[in-house]
file target06.txt (compact mmCIF, C-alpha atoms and all ligand atoms)
# COMPACT_ATOMS: atom_id res chain seq x y z
CA MET A 252 28.25 80.34 135.90
CA MET A 253 30.52 83.40 135.62
CA LYS A 254 33.78 83.05 133.68
CA TYR A 255 36.90 85.12 134.28
CA ASP A 256 40.40 85.22 132.88
CA PHE A 257 41.95 85.59 136.33
CA ALA A 258 40.69 85.22 139.87
CA ILE A 259 42.60 86.70 142.80
CA LEU A 260 41.65 84.98 146.03
CA GLY A 261 42.30 87.29 148.95
CA ALA A 262 42.49 91.07 148.57
CA GLY A 263 45.31 91.52 151.06
CA ILE A 264 48.81 92.81 150.49
CA ALA A 265 49.86 90.12 147.99
CA GLY A 266 46.65 90.03 145.93
CA LEU A 267 46.33 93.79 145.68
CA THR A 268 50.03 94.38 145.00
CA LEU A 269 49.84 91.82 142.19
CA LEU A 270 46.89 93.56 140.55
CA ASP A 271 48.25 97.05 141.07
CA THR A 272 51.67 96.14 139.68
CA ALA A 273 50.08 94.48 136.65
CA PHE A 274 47.95 97.54 135.87
CA ARG A 275 50.87 99.92 136.38
CA ARG A 276 52.82 97.87 133.83
CA GLY A 277 49.89 98.18 131.42
CA LEU A 278 49.06 94.48 131.75
CA TRP A 279 45.71 92.75 132.30
CA LEU A 280 43.73 95.89 131.47
CA ASP A 281 41.72 93.90 128.91
CA LYS A 282 41.26 90.87 131.19
CA LYS A 283 38.18 89.97 133.13
CA ILE A 284 39.31 89.70 136.75
CA LEU A 285 37.53 88.45 139.84
CA LEU A 286 38.85 89.75 143.19
CA VAL A 287 37.46 87.92 146.22
CA ASP A 288 37.83 88.69 149.91
CA ARG A 289 35.80 87.87 152.98
CA SER A 290 35.75 91.58 153.83
CA PHE A 291 36.69 94.72 151.96
CA ASP A 292 35.73 96.89 154.94
CA LYS A 293 37.51 95.24 157.85
CA ASN A 294 41.06 96.47 157.68
CA PRO A 295 42.99 96.01 160.94
CA ASN A 296 46.03 98.17 161.63
CA LYS A 297 49.11 96.72 160.04
CA ARG A 298 52.56 98.20 159.51
CA ILE A 299 54.91 96.45 157.11
CA SER A 300 58.66 96.97 157.19
CA PHE A 301 61.50 95.70 155.06
CA TRP A 302 65.08 96.48 154.07
CA SER A 303 66.09 97.41 150.57
CA THR A 304 68.97 98.79 148.55
CA GLU A 305 66.58 100.68 146.30
CA GLU A 306 66.44 104.44 146.55
CA ASN A 307 62.65 104.48 146.29
CA PRO A 308 61.31 100.96 146.79
CA LEU A 309 57.62 101.94 147.08
CA PRO A 310 57.27 104.69 144.50
CA HIS A 311 53.48 104.93 144.68
CA PHE A 312 52.94 104.98 148.40
CA GLU A 313 54.11 106.96 151.41
CA TYR A 314 56.70 105.29 153.63
CA LEU A 315 59.16 105.99 156.39
CA ALA A 316 62.88 105.24 156.01
CA TRP A 317 65.80 104.92 158.43
CA ASN A 318 69.48 105.13 157.61
CA LYS A 319 70.67 103.76 160.93
CA LEU A 320 69.79 100.45 162.59
CA ALA A 321 70.65 98.99 165.95
CA ILE A 322 69.90 96.07 168.20
CA PHE A 323 70.22 95.76 171.99
CA SER A 324 71.34 92.56 173.66
CA ASN A 325 69.55 91.08 176.67
CA GLN A 326 72.44 92.40 178.80
CA GLY A 327 71.86 95.92 177.49
CA GLN A 328 74.72 96.23 174.98
CA GLN A 329 73.87 98.42 171.99
CA ILE A 330 75.07 97.10 168.62
CA ASP A 331 74.96 99.65 165.83
CA LEU A 332 74.58 97.88 162.51
CA VAL A 333 76.63 98.86 159.49
CA THR A 334 74.06 98.68 156.73
CA ASP A 335 76.11 99.99 153.75
CA GLU A 336 73.76 100.17 150.76
CA TYR A 337 70.69 99.03 152.71
CA ARG A 338 68.05 101.20 154.32
CA TYR A 339 65.10 100.12 156.38
CA PHE A 340 61.58 101.07 155.26
CA SER A 341 58.12 100.87 156.75
CA PHE A 342 54.63 101.71 155.50
CA ASP A 343 51.09 101.71 156.83
CA ALA A 344 49.77 98.53 155.23
CA SER A 345 46.14 99.15 156.19
CA ALA A 346 46.18 102.54 154.43
CA TYR A 347 47.95 100.85 151.49
CA ARG A 348 45.22 98.20 151.32
CA ALA A 349 42.40 100.78 151.58
CA ASN A 350 44.02 102.83 148.84
CA LEU A 351 44.34 99.88 146.47
CA LEU A 352 40.81 98.62 147.20
CA ALA A 353 39.46 102.08 146.26
CA LYS A 354 41.52 101.94 143.08
CA MET A 355 40.22 98.45 142.17
CA ALA A 356 36.63 99.59 142.77
CA ASN A 357 37.12 102.06 139.90
CA GLN A 358 38.66 99.49 137.58
CA SER A 359 35.92 98.43 135.14
CA ASN A 360 37.51 95.04 134.37
CA VAL A 361 37.68 94.01 138.05
CA THR A 362 34.68 92.44 139.79
CA MET A 363 35.00 92.72 143.56
CA LEU A 364 33.20 89.94 145.35
CA GLU A 365 32.82 89.89 149.10
CA GLY A 366 32.45 86.36 150.41
CA GLU A 367 34.06 83.30 151.88
CA VAL A 368 36.14 81.20 149.49
CA GLU A 369 35.00 77.69 150.30
CA ASN A 370 36.59 75.54 147.65
CA LEU A 371 38.99 75.63 144.71
CA GLU A 372 39.40 72.95 142.06
CA GLN A 373 40.87 72.65 138.59
CA LYS A 374 40.08 70.38 135.71
CA ALA A 375 41.38 70.55 132.15
CA GLY A 376 43.00 73.95 132.56
CA GLN A 377 39.94 75.55 134.13
CA CYS A 378 39.69 76.53 137.78
CA THR A 379 36.42 76.50 139.67
CA ILE A 380 36.01 78.58 142.80
CA SER A 381 33.18 78.31 145.23
CA VAL A 382 32.31 81.52 147.08
CA ASN A 383 29.32 81.55 149.44
CA SER A 384 28.00 78.46 147.59
CA SER A 385 28.15 80.13 144.13
CA LEU A 386 30.56 78.84 141.50
CA PHE A 387 32.95 80.94 139.40
CA HIS A 388 35.36 79.87 136.66
CA ALA A 389 38.77 81.31 135.87
CA GLU A 390 41.61 80.28 133.61
CA TYR A 391 44.21 81.25 136.25
CA VAL A 392 43.84 81.63 139.98
CA PHE A 393 46.25 83.66 142.11
CA GLN A 394 45.72 82.28 145.57
CA THR A 395 46.70 84.30 148.65
CA ILE A 396 44.45 82.80 151.31
CA PHE A 397 46.64 81.34 154.03
CA GLU A 398 45.57 78.27 155.92
CA LYS A 399 47.69 76.42 158.44
CA PRO A 400 49.06 73.49 156.39
CA LEU A 401 48.91 69.82 157.28
CA LEU A 402 52.38 69.60 158.74
CA LYS A 403 54.74 66.67 158.22
CA ALA A 404 56.12 65.01 161.37
CA TYR A 405 59.43 66.85 160.96
CA ASN A 406 58.01 70.34 160.32
CA GLN A 407 58.41 73.09 162.87
CA TYR A 408 55.62 75.60 163.28
CA PHE A 409 56.46 78.63 165.38
CA LEU A 410 54.41 81.80 165.61
CA GLN A 411 55.67 85.34 165.60
CA HIS A 412 53.07 87.17 167.66
CA PHE A 413 52.98 90.74 168.75
CA VAL A 414 51.15 93.82 169.90
CA GLY A 415 52.47 97.15 168.64
CA TRP A 416 51.58 100.68 169.68
CA LYS A 417 52.18 103.95 167.97
CA ILE A 418 52.61 106.37 170.86
CA SER A 419 53.09 110.11 171.12
CA THR A 420 54.99 111.70 174.00
CA LYS A 421 56.96 114.81 174.93
CA GLN A 422 59.45 112.60 176.83
CA GLY A 423 61.03 110.96 173.76
CA SER A 424 64.79 110.48 173.95
CA TRP A 425 65.42 108.39 170.84
CA ASP A 426 67.33 109.13 167.67
CA ALA A 427 64.54 109.65 165.09
CA ASP A 428 66.81 108.36 162.32
CA LYS A 429 67.62 105.07 164.07
CA ALA A 430 65.34 102.01 163.96
CA ILE A 431 65.90 99.41 166.67
CA ILE A 432 64.99 96.19 164.95
CA MET A 433 65.46 93.98 168.02
CA ASP A 434 65.68 95.19 171.59
CA TYR A 435 66.15 92.20 173.88
CA ARG A 436 66.09 94.27 177.10
CA THR A 437 63.01 92.42 178.27
CA PRO A 438 62.45 89.13 180.14
CA GLN A 439 62.59 86.03 177.95
CA GLU A 440 60.25 83.74 179.89
CA ASN A 441 57.74 83.15 177.05
CA GLY A 442 60.19 82.48 174.21
CA THR A 443 62.48 84.65 172.09
CA THR A 444 61.18 88.11 172.97
CA PHE A 445 62.15 91.54 171.74
CA ILE A 446 60.76 94.98 171.24
CA TYR A 447 60.86 96.54 167.86
CA CYS A 448 61.13 100.36 167.89
CA LEU A 449 60.53 102.50 164.83
CA PRO A 450 60.73 106.22 165.57
CA VAL A 451 58.24 108.20 163.48
CA SER A 452 59.44 111.63 164.69
CA GLU A 453 60.98 113.22 167.82
CA GLU A 454 57.62 112.81 169.55
CA GLU A 455 56.18 109.64 168.03
CA ILE A 456 57.43 106.10 168.03
CA PHE A 457 56.08 102.74 167.04
CA VAL A 458 56.96 100.03 169.61
CA GLU A 459 56.05 96.39 169.25
CA TYR A 460 56.35 93.60 171.80
CA THR A 461 57.19 90.48 169.76
CA ILE A 462 57.59 86.82 170.68
CA PHE A 463 58.77 83.81 168.65
CA SER A 464 57.13 80.80 170.30
CA LYS A 465 54.45 78.17 169.80
CA ASN A 466 51.81 79.68 172.09
CA LEU A 467 50.01 83.01 172.04
CA LEU A 468 49.50 85.26 175.07
CA SER A 469 46.38 87.15 176.04
CA LYS A 470 46.29 90.62 174.47
CA GLU A 471 46.44 92.14 177.92
CA ALA A 472 49.74 90.36 178.61
CA TYR A 473 51.47 91.98 175.59
CA ARG A 474 50.11 95.36 176.70
CA GLU A 475 51.44 94.93 180.23
CA LYS A 476 54.88 93.95 178.90
CA LEU A 477 54.96 96.97 176.58
CA THR A 478 54.02 99.28 179.44
CA SER A 479 56.85 97.86 181.59
CA TYR A 480 59.33 98.12 178.74
CA LEU A 481 58.47 101.76 178.05
CA SER A 482 58.78 102.60 181.71
CA ASP A 483 61.92 100.53 182.51
CA VAL A 484 63.92 101.12 179.34
CA TRP A 485 62.76 104.51 178.03
CA ASN A 486 61.56 106.07 181.32
CA LEU A 487 58.27 106.80 179.63
CA ASP A 488 55.16 107.12 181.72
CA ASP A 489 53.39 110.01 180.04
CA TYR A 490 52.34 109.04 176.52
CA LYS A 491 49.25 108.60 174.40
CA ILE A 492 48.57 105.39 172.45
CA ILE A 493 47.50 106.52 168.96
CA GLU A 494 47.19 103.11 167.31
CA GLU A 495 47.38 99.45 168.28
CA GLU A 496 48.35 96.59 165.99
CA TYR A 497 48.05 92.89 166.75
CA GLY A 498 49.50 90.19 164.56
CA VAL A 499 50.43 86.54 164.29
CA ILE A 500 52.80 85.44 161.53
CA PRO A 501 53.60 81.75 160.93
CA MET A 502 57.29 80.78 161.06
CA THR A 503 57.60 77.34 159.54
CA ASP A 504 59.83 75.17 157.37
CA PHE A 505 56.76 73.69 155.64
CA ALA A 506 57.23 73.65 151.85
CA PHE A 507 54.16 75.45 150.52
CA ASP A 508 53.02 74.64 147.00
CA ARG A 509 53.84 77.59 144.80
CA ARG A 510 52.09 76.31 141.74
CA ILE A 511 49.69 73.52 140.88
CA GLY A 512 48.78 73.83 137.23
CA ASN A 513 46.96 77.12 136.76
CA ILE A 514 46.73 77.85 140.47
CA ILE A 515 49.63 80.01 141.62
CA SER A 516 49.98 80.83 145.31
CA LEU A 517 51.71 83.91 146.60
CA GLY A 518 52.13 85.92 149.79
CA SER A 519 52.10 83.89 153.00
CA ALA A 520 49.99 81.22 151.24
CA GLY A 521 52.72 80.72 148.63
CA GLY A 522 55.60 80.43 151.09
CA ASP A 523 56.79 84.04 150.78
CA THR A 524 57.05 84.32 154.56
CA ARG A 525 60.61 83.56 155.61
CA GLY A 526 60.47 80.83 158.25
CA SER A 527 63.32 82.25 160.31
CA THR A 528 62.09 85.84 160.52
CA GLY A 529 58.45 86.25 159.39
CA TYR A 530 59.49 88.91 156.84
CA THR A 531 57.26 88.46 153.77
CA PHE A 532 56.79 91.65 151.79
CA THR A 533 60.04 91.72 149.79
CA ASN A 534 59.65 88.06 148.83
CA THR A 535 56.08 88.71 147.72
CA VAL A 536 57.17 91.63 145.55
CA ARG A 537 59.86 89.42 144.02
CA THR A 538 57.35 86.65 143.30
CA ILE A 539 55.01 89.16 141.65
CA ASP A 540 57.84 90.47 139.52
CA LEU A 541 58.73 86.94 138.34
CA LEU A 542 55.12 86.16 137.58
CA LEU A 543 54.40 89.36 135.63
CA SER A 544 57.70 89.22 133.75
CA ALA A 545 56.84 85.68 132.63
CA TYR A 546 53.36 86.85 131.63
CA GLN A 547 54.84 89.75 129.65
CA LYS A 548 57.05 87.29 127.76
CA GLY A 549 54.01 85.08 127.07
CA ASN A 550 55.41 82.39 129.32
CA LEU A 551 52.97 82.18 132.25
CA LYS A 552 52.13 78.58 131.35
CA GLY A 553 55.77 77.51 131.47
CA LEU A 554 56.74 79.59 134.49
CA SER A 555 58.45 77.64 137.22
CA PHE A 556 59.61 79.36 140.38
CA PRO A 557 63.15 79.09 141.76
CA SER A 558 63.77 76.36 144.28
CA ARG A 559 63.63 77.46 147.93
CA ARG A 560 65.14 74.25 149.29
CA LYS A 561 68.32 75.80 150.60
CA GLU A 562 66.50 78.57 152.52
CA GLN A 563 63.94 76.09 153.84
CA PHE A 564 66.72 73.84 155.08
CA TYR A 565 68.50 76.71 156.88
CA ASP A 566 65.24 78.00 158.34
CA ALA A 567 64.35 74.49 159.50
CA ILE A 568 67.64 74.15 161.36
CA LEU A 569 67.20 77.53 162.99
CA LEU A 570 63.67 76.62 164.10
CA TYR A 571 65.00 73.31 165.46
CA VAL A 572 67.67 75.20 167.41
CA LEU A 573 65.05 77.57 168.88
CA ASP A 574 62.86 74.58 169.68
CA SER A 575 65.68 72.77 171.51
CA GLY A 576 66.42 75.72 173.80
CA ASN A 577 70.16 74.88 173.43
CA TYR A 578 70.89 78.34 172.09
CA GLU A 579 68.46 80.96 173.31
CA GLY A 580 66.97 83.12 170.57
CA HIS A 581 68.15 86.39 172.12
CA ALA A 582 71.75 85.11 172.26
CA LEU A 583 71.57 83.63 168.78
CA PHE A 584 70.30 86.80 167.07
CA THR A 585 72.64 89.00 169.10
CA ASP A 586 75.64 86.85 168.10
CA LEU A 587 74.50 86.97 164.49
CA PHE A 588 74.26 90.76 164.35
CA ARG A 589 77.38 91.27 166.46
CA LYS A 590 79.63 88.99 164.42
CA ALA A 591 78.30 88.93 160.85
CA LYS A 592 78.09 91.99 158.62
CA THR A 593 74.50 93.22 158.40
CA THR A 594 74.67 93.33 154.62
CA ARG A 595 75.57 89.64 154.63
CA ILE A 596 72.62 88.87 156.91
CA PHE A 597 70.22 90.82 154.69
CA ARG A 598 71.57 89.08 151.59
CA PHE A 599 71.16 85.73 153.32
CA LEU A 600 67.57 86.51 154.32
CA ASP A 601 66.83 87.80 150.81
CA SER A 602 67.93 84.45 149.33
CA LYS A 603 70.81 86.21 147.57
CA SER A 604 73.51 84.43 149.50
CA ASP A 605 76.34 82.46 147.90
CA PHE A 606 78.45 79.80 149.62
CA VAL A 607 80.96 82.32 151.04
CA ASN A 608 78.16 84.49 152.39
CA ASP A 609 76.47 81.44 153.94
CA LEU A 610 79.76 80.48 155.57
CA HIS A 611 80.17 83.94 157.15
CA ILE A 612 76.68 83.62 158.63
CA MET A 613 77.40 80.11 159.97
CA LEU A 614 80.73 81.14 161.50
CA SER A 615 79.04 83.96 163.41
CA LEU A 616 76.95 81.44 165.38
CA ARG A 617 77.73 78.75 167.93
CA THR A 618 78.30 75.58 165.95
CA SER A 619 77.25 72.83 168.31
CA PRO A 620 73.52 73.76 168.72
CA PHE A 621 73.25 74.04 164.94
CA LEU A 622 74.90 70.67 164.37
CA LYS A 623 72.57 69.13 166.96
CA GLY A 624 69.60 70.87 165.33
CA MET A 625 70.63 69.58 161.91
CA PHE A 626 71.01 65.99 163.14
CA ARG A 627 67.63 66.14 164.89
CA LEU A 628 66.01 67.45 161.72
CA LEU A 629 67.67 64.85 159.48
CA LYS A 630 66.75 62.06 161.87
CA LYS A 631 63.11 63.16 161.95
CA LYS A 632 63.05 63.43 158.16
CA TRP A 633 64.66 60.01 157.79
CA PHE A 634 62.12 58.32 160.06
CA ALA A 635 59.28 60.14 158.30
CA LEU A 636 60.22 58.55 154.96
C1 LIG B 1 50.19 92.79 161.88
C2 LIG B 1 51.18 92.25 160.88
C3 LIG B 1 52.37 92.93 160.64
C4 LIG B 1 53.27 92.43 159.68
N1 LIG B 1 54.45 93.09 159.49
C5 LIG B 1 55.29 92.67 158.53
C6 LIG B 1 56.50 93.38 158.26
O1 LIG B 1 56.82 94.34 158.95
N2 LIG B 1 57.28 92.96 157.22
C7 LIG B 1 56.95 91.89 156.44
O2 LIG B 1 57.68 91.58 155.49
N3 LIG B 1 55.85 91.16 156.72
C8 LIG B 1 55.01 91.52 157.73
N4 LIG B 1 53.87 90.81 157.98
C9 LIG B 1 53.66 89.55 157.23
C10 LIG B 1 53.04 89.79 155.85
O3 LIG B 1 53.78 90.70 155.11
C11 LIG B 1 51.63 90.28 155.94
O4 LIG B 1 50.85 89.35 156.66
C12 LIG B 1 50.99 90.47 154.56
O5 LIG B 1 49.75 91.08 154.75
C13 LIG B 1 50.84 89.14 153.82
O6 LIG B 1 50.10 89.38 152.65
P1 LIG B 1 49.10 88.31 152.10
O7 LIG B 1 48.40 88.93 150.97
O8 LIG B 1 49.81 87.03 151.93
O9 LIG B 1 48.03 88.08 153.29
P2 LIG B 1 46.93 89.09 153.79
O10 LIG B 1 47.38 90.49 153.62
O11 LIG B 1 46.54 88.61 155.13
O12 LIG B 1 45.72 88.85 152.76
C14 LIG B 1 44.94 87.69 152.73
C15 LIG B 1 43.51 88.12 152.47
O13 LIG B 1 42.71 86.94 152.33
C16 LIG B 1 41.45 87.17 152.94
N5 LIG B 1 40.90 85.85 153.29
C17 LIG B 1 41.41 84.95 154.16
N6 LIG B 1 40.66 83.84 154.16
C18 LIG B 1 39.65 84.04 153.26
C19 LIG B 1 38.58 83.23 152.79
N7 LIG B 1 38.39 81.99 153.21
N8 LIG B 1 37.74 83.76 151.89
C20 LIG B 1 37.91 85.00 151.42
N9 LIG B 1 38.94 85.80 151.81
C21 LIG B 1 39.80 85.32 152.71
C22 LIG B 1 41.75 88.05 154.14
O14 LIG B 1 40.61 88.79 154.49
C23 LIG B 1 42.90 88.93 153.61
O15 LIG B 1 42.44 90.17 153.14
C24 LIG B 1 52.97 91.25 158.95
C25 LIG B 1 51.79 90.56 159.24
C26 LIG B 1 50.92 91.04 160.20
C27 LIG B 1 49.65 90.24 160.49
call {"tool": "encode", "arguments": {"input": "target06.txt", "output": "structure tokens"}}
result
Amino acid sequence: MMKYDFAILGAGIAGLTLLDTAFRRGLWLDKKILLVDRSFDKNPNKRISFWSTEENPLPHFEYLAWNKLAIFSNQGQQIDLVTDEYRYFSFDASAYRANLLAKMANQSNVTMLEGEVENLEQKAGQCTISVNSSLFHAEYVFQTIFEKPLLKAYNQYFLQHFVGWKISTKQGSWDADKAIIMDYRTPQENGTTFIYCLPVSEEEIFVEYTIFSKNLLSKEAYREKLTSYLSDVWNLDDYKIIEEEYGVIPMTDFAFDRRIGNIISLGSAGGDTRGSTGYTFTNTVRTIDLLLSAYQKGNLKGLSFPSRRKEQFYDAILLYVLDSGNYEGHALFTDLFRKAKTTRIFRFLDSKSDFVNDLHIMLSLRTSPFLKGMFRLLKKKWFAL
């Protein structure tokens, strides 16, 4: 049976960023590390975006950045967001993954194992992992394999699902320095629906048809909607699709286990995906930083992660409101961005919000659907006890 110091389950964005950050900090270079994924070759197109106040938030990888942000309401009103110290960033996550996998393949202390993780147990401070029916031991396991959890009766489980295209065209009429993070100028019949537009240049743009709902559509349906949007809103009929991305991100108030003994979960599996938005990357980077800083101080054993109760509670209410249909998602998010300062919203979503900031967010929204959502949630929780 093979023994390792650390096992990383899942060589996706969280697992690879953890390893890469550790090595860049000069950590774990003398550790025996097992990196497992079901496939190192399959690498579907994925673009990851996030906001940040940092000048260079991804120093070792190429990214795009926008200084200006906007949203469009369902009625067609443009709302330019005042972002102050924040900028919006986006990178090609499949290229990022390929790059880090190539790096790990050259790292003599990392064993890359392609296979299906079937089971994970721990006894007396030792973790045992079963991969394709073979057993491996590790002192610590960093677990990034997401599985839909066994929900409690009161949990909400929405999906953020989308098809995105990178297109090139000579007909472009957008501002290349302005990202449109939510364009609601599209029918809302399948749930909260918006198009996300990230200009790459004067002639290239990334557009994504996104829905928050409980049911997926056929891939063809997203493509048809994108085609209509491009034609109706941007008057585009002559363009080339360079890339297609498809994704489903869970949006839930389920409280994922962050740590059970020597098994630490991160990425979507560790609850880094924000239930109200699906944004994950910044939270993952923050989790990695906490973890490695504790390791550097010799305190990995004692590391406990900050409570996420407040954020989970707020996200739960928002998901209950969306579920009730009392406050349509397009109206809710438009009100939020129209009435609250964007910096306050970003702080809130980054879990850096204090009471005053929370209050500003609450006052920007219609109160009664949120009160109803809160009572429904509390009632369900109460009866689940
Ligand atoms: C298309 C797409 C776009 C996204 N865009 C954004 C964005 O713009 N901003 C943002 O913040 N977040 C975004 N997200 C959410 C999130 O940031 C990404 O999903 C991110 O990849 C999560 O990292 P992760 O390591 O947790 O999961 P993953 O990157 O999915 O990695 C998990 C790995 O585990 C492997 N695996 C799974 N099951 C097994 C098993 N049983 N055995 C072995 N290996 C297994 C998979 O092959 C995968 O490589 C997006 C998600 C998707 C799908």
call {"tool": "residues_around", "arguments": {"input": "target06.txt", "residues": "segment 355-369 of chain A", "least_positions_apart": "5", "cutoff": "12 Å", "atoms": "all atoms listed in the file", "output": "PyMOL selection string"}}
result
chain A and resi 253-262+266-274+278-293+348-350+379-387+394-398
call {"tool": "closest_residue", "arguments": {"input": "target06.txt", "among": "A:Ile492, A:Leu315, A:Gln547, A:Arg559", "to": "Gly522 of chain A", "atoms": "only C-alpha atoms"}}
result
A:Arg559
call {"tool": "residues_near_point", "arguments": {"input": "target06.txt", "point": "(64.8, 100.8, 151.7)", "cutoff": "6 Å", "atoms": "all atoms listed in the file", "output": "list in words"}}
result
Trp302, Ser303, Thr304, Glu305, Arg338, Tyr339 and Phe340 of chain A
call {"tool": "closest_residue", "arguments": {"input": "target06.txt", "among": "A:Leu481, A:Met502, A:Ile596, A:Ala389", "to": "ligand LIG 1 (chain B)", "atoms": "all atoms listed in the file"}}
result
A:Met502
call {"tool": "atom_distance", "arguments": {"input": "target06.txt", "atom1": "atom CA of Tyr546 of chain A", "atom2": "atom CA of Leu517 of chain A"}}
result
15.3 Å
call {"tool": "closest_residue", "arguments": {"input": "target06.txt", "among": "A:Ile456, A:Leu401, A:Met252, A:Leu600", "to": "ligand LIG 1 (chain B)", "atoms": "only C-alpha atoms and all ligand atoms"}}
result
A:Leu600
call {"tool": "residues_around", "arguments": {"input": "target06.txt", "residues": "Ala344 of chain A", "least_positions_apart": "4", "cutoff": "8 Å", "atoms": "only C-alpha atoms", "output": "list in words"}}
result
Ile264, Asn296, Lys297, Arg298, Ile299 and Arg348 of chain A
call {"tool": "atom_distance", "arguments": {"input": "target06.txt", "atom1": "atom CA of Lys465 of chain A", "atom2": "atom CA of Arg598 of chain A"}}
result
27.3 Å
call {"tool": "closest_residue", "arguments": {"input": "target06.txt", "among": "A:Trp485, A:Ala591, A:Val392, A:Thr478", "to": "Arg509 of chain A", "atoms": "only C-alpha atoms"}}
result
A:Val392
call {"tool": "closest_residue", "arguments": {"input": "target06.txt", "among": "A:Gly376, A:Gly576, A:Gly415, A:Gly518", "to": "ligand LIG 1 (chain B)", "atoms": "only C-alpha atoms and all ligand atoms"}}
result
A:Gly518
call {"tool": "closest_residue", "arguments": {"input": "target06.txt", "among": "A:Val499, A:Val458, A:Ala430, A:Ala582", "to": "Ile322 of chain A", "atoms": "all atoms listed in the file"}}
result
A:Ala430
call {"tool": "residues_around", "arguments": {"input": "target06.txt", "residues": "Asn534 of chain A", "least_positions_apart": "3", "cutoff": "12 Å", "atoms": "only C-alpha atoms", "output": "list in words"}}
result
Ile264, Ala265, Phe301, Trp302, Ser303, Leu517, Gly518, Ser519, Gly521, Gly522, Asp523, Thr524, Arg525, Gly526, Gly529, Tyr530, Thr531, Arg537, Thr538, Ile539, Asp540, Leu541, Pro557, Arg559, Leu600, Asp601, Ser602 and Lys603 of chain A
call {"tool": "write_last_selection", "arguments": {"input": "target06.txt", "atoms": "C-alpha atoms", "output": "mmCIF file, keeping the file's coordinate frame"}}
result
data_model
loop_
_atom_site.group_PDB
_atom_site.id
_atom_site.type_symbol
_atom_site.label_atom_id
_atom_site.label_comp_id
_atom_site.auth_asym_id
_atom_site.auth_seq_id
_atom_site.Cartn_x
_atom_site.Cartn_y
_atom_site.Cartn_z
ATOM 1 C CA ILE A 264 48.810 92.810 150.490
ATOM 2 C CA ALA A 265 49.860 90.120 147.990
ATOM 3 C CA PHE A 301 61.500 95.700 155.060
ATOM 4 C CA TRP A 302 65.080 96.480 154.070
ATOM 5 C CA SER A 303 66.090 97.410 150.570
ATOM 6 C CA LEU A 517 51.710 83.910 146.600
ATOM 7 C CA GLY A 518 52.130 85.920 149.790
ATOM 8 C CA SER A 519 52.100 83.890 153.000
ATOM 9 C CA GLY A 521 52.720 80.720 148.630
ATOM 10 C CA GLY A 522 55.600 80.430 151.090
ATOM 11 C CA ASP A 523 56.790 84.040 150.780
ATOM 12 C CA THR A 524 57.050 84.320 154.560
ATOM 13 C CA ARG A 525 60.610 83.560 155.610
ATOM 14 C CA GLY A 526 60.470 80.830 158.250
ATOM 15 C CA GLY A 529 58.450 86.250 159.390
ATOM 16 C CA TYR A 530 59.490 88.910 156.840
ATOM 17 C CA THR A 531 57.260 88.460 153.770
ATOM 18 C CA ARG A 537 59.860 89.420 144.020
ATOM 19 C CA THR A 538 57.350 86.650 143.300
ATOM 20 C CA ILE A 539 55.010 89.160 141.650
ATOM 21 C CA ASP A 540 57.840 90.470 139.520
ATOM 22 C CA LEU A 541 58.730 86.940 138.340
ATOM 23 C CA PRO A 557 63.150 79.090 141.760
ATOM 24 C CA ARG A 559 63.630 77.460 147.930
ATOM 25 C CA LEU A 600 67.570 86.510 154.320
ATOM 26 C CA ASP A 601 66.830 87.800 150.810
ATOM 27 C CA SER A 602 67.930 84.450 149.330
ATOM 28 C CA LYS A 603 70.810 86.210 147.570
#
call {"tool": "atom_distance", "arguments": {"input": "target06.txt", "atom1": "atom CA of Gln328 of chain A", "atom2": "atom C4 of ligand LIG 1 (chain B)"}}
result
26.6 Å
call {"tool": "residues_near_point", "arguments": {"input": "target06.txt", "point": "(65.7, 80.6, 175.2)", "cutoff": "10 Å", "atoms": "only C-alpha atoms", "output": "PyMOL selection string"}}
result
chain A and resi 439-444+464+572-583
call {"tool": "residues_around", "arguments": {"input": "target06.txt", "residues": "Ser424 of chain A", "least_positions_apart": "5", "cutoff": "10 Å", "atoms": "only C-alpha atoms", "output": "VMD selection string"}}
result
chain A and resid 453 to 454 485 to 487
call {"tool": "residues_around", "arguments": {"input": "target06.txt", "residues": "Ala321 of chain A", "least_positions_apart": "4", "cutoff": "6 Å", "atoms": "only C-alpha atoms", "output": "NGL selection string"}}
result
:A and (330-332 or 431)
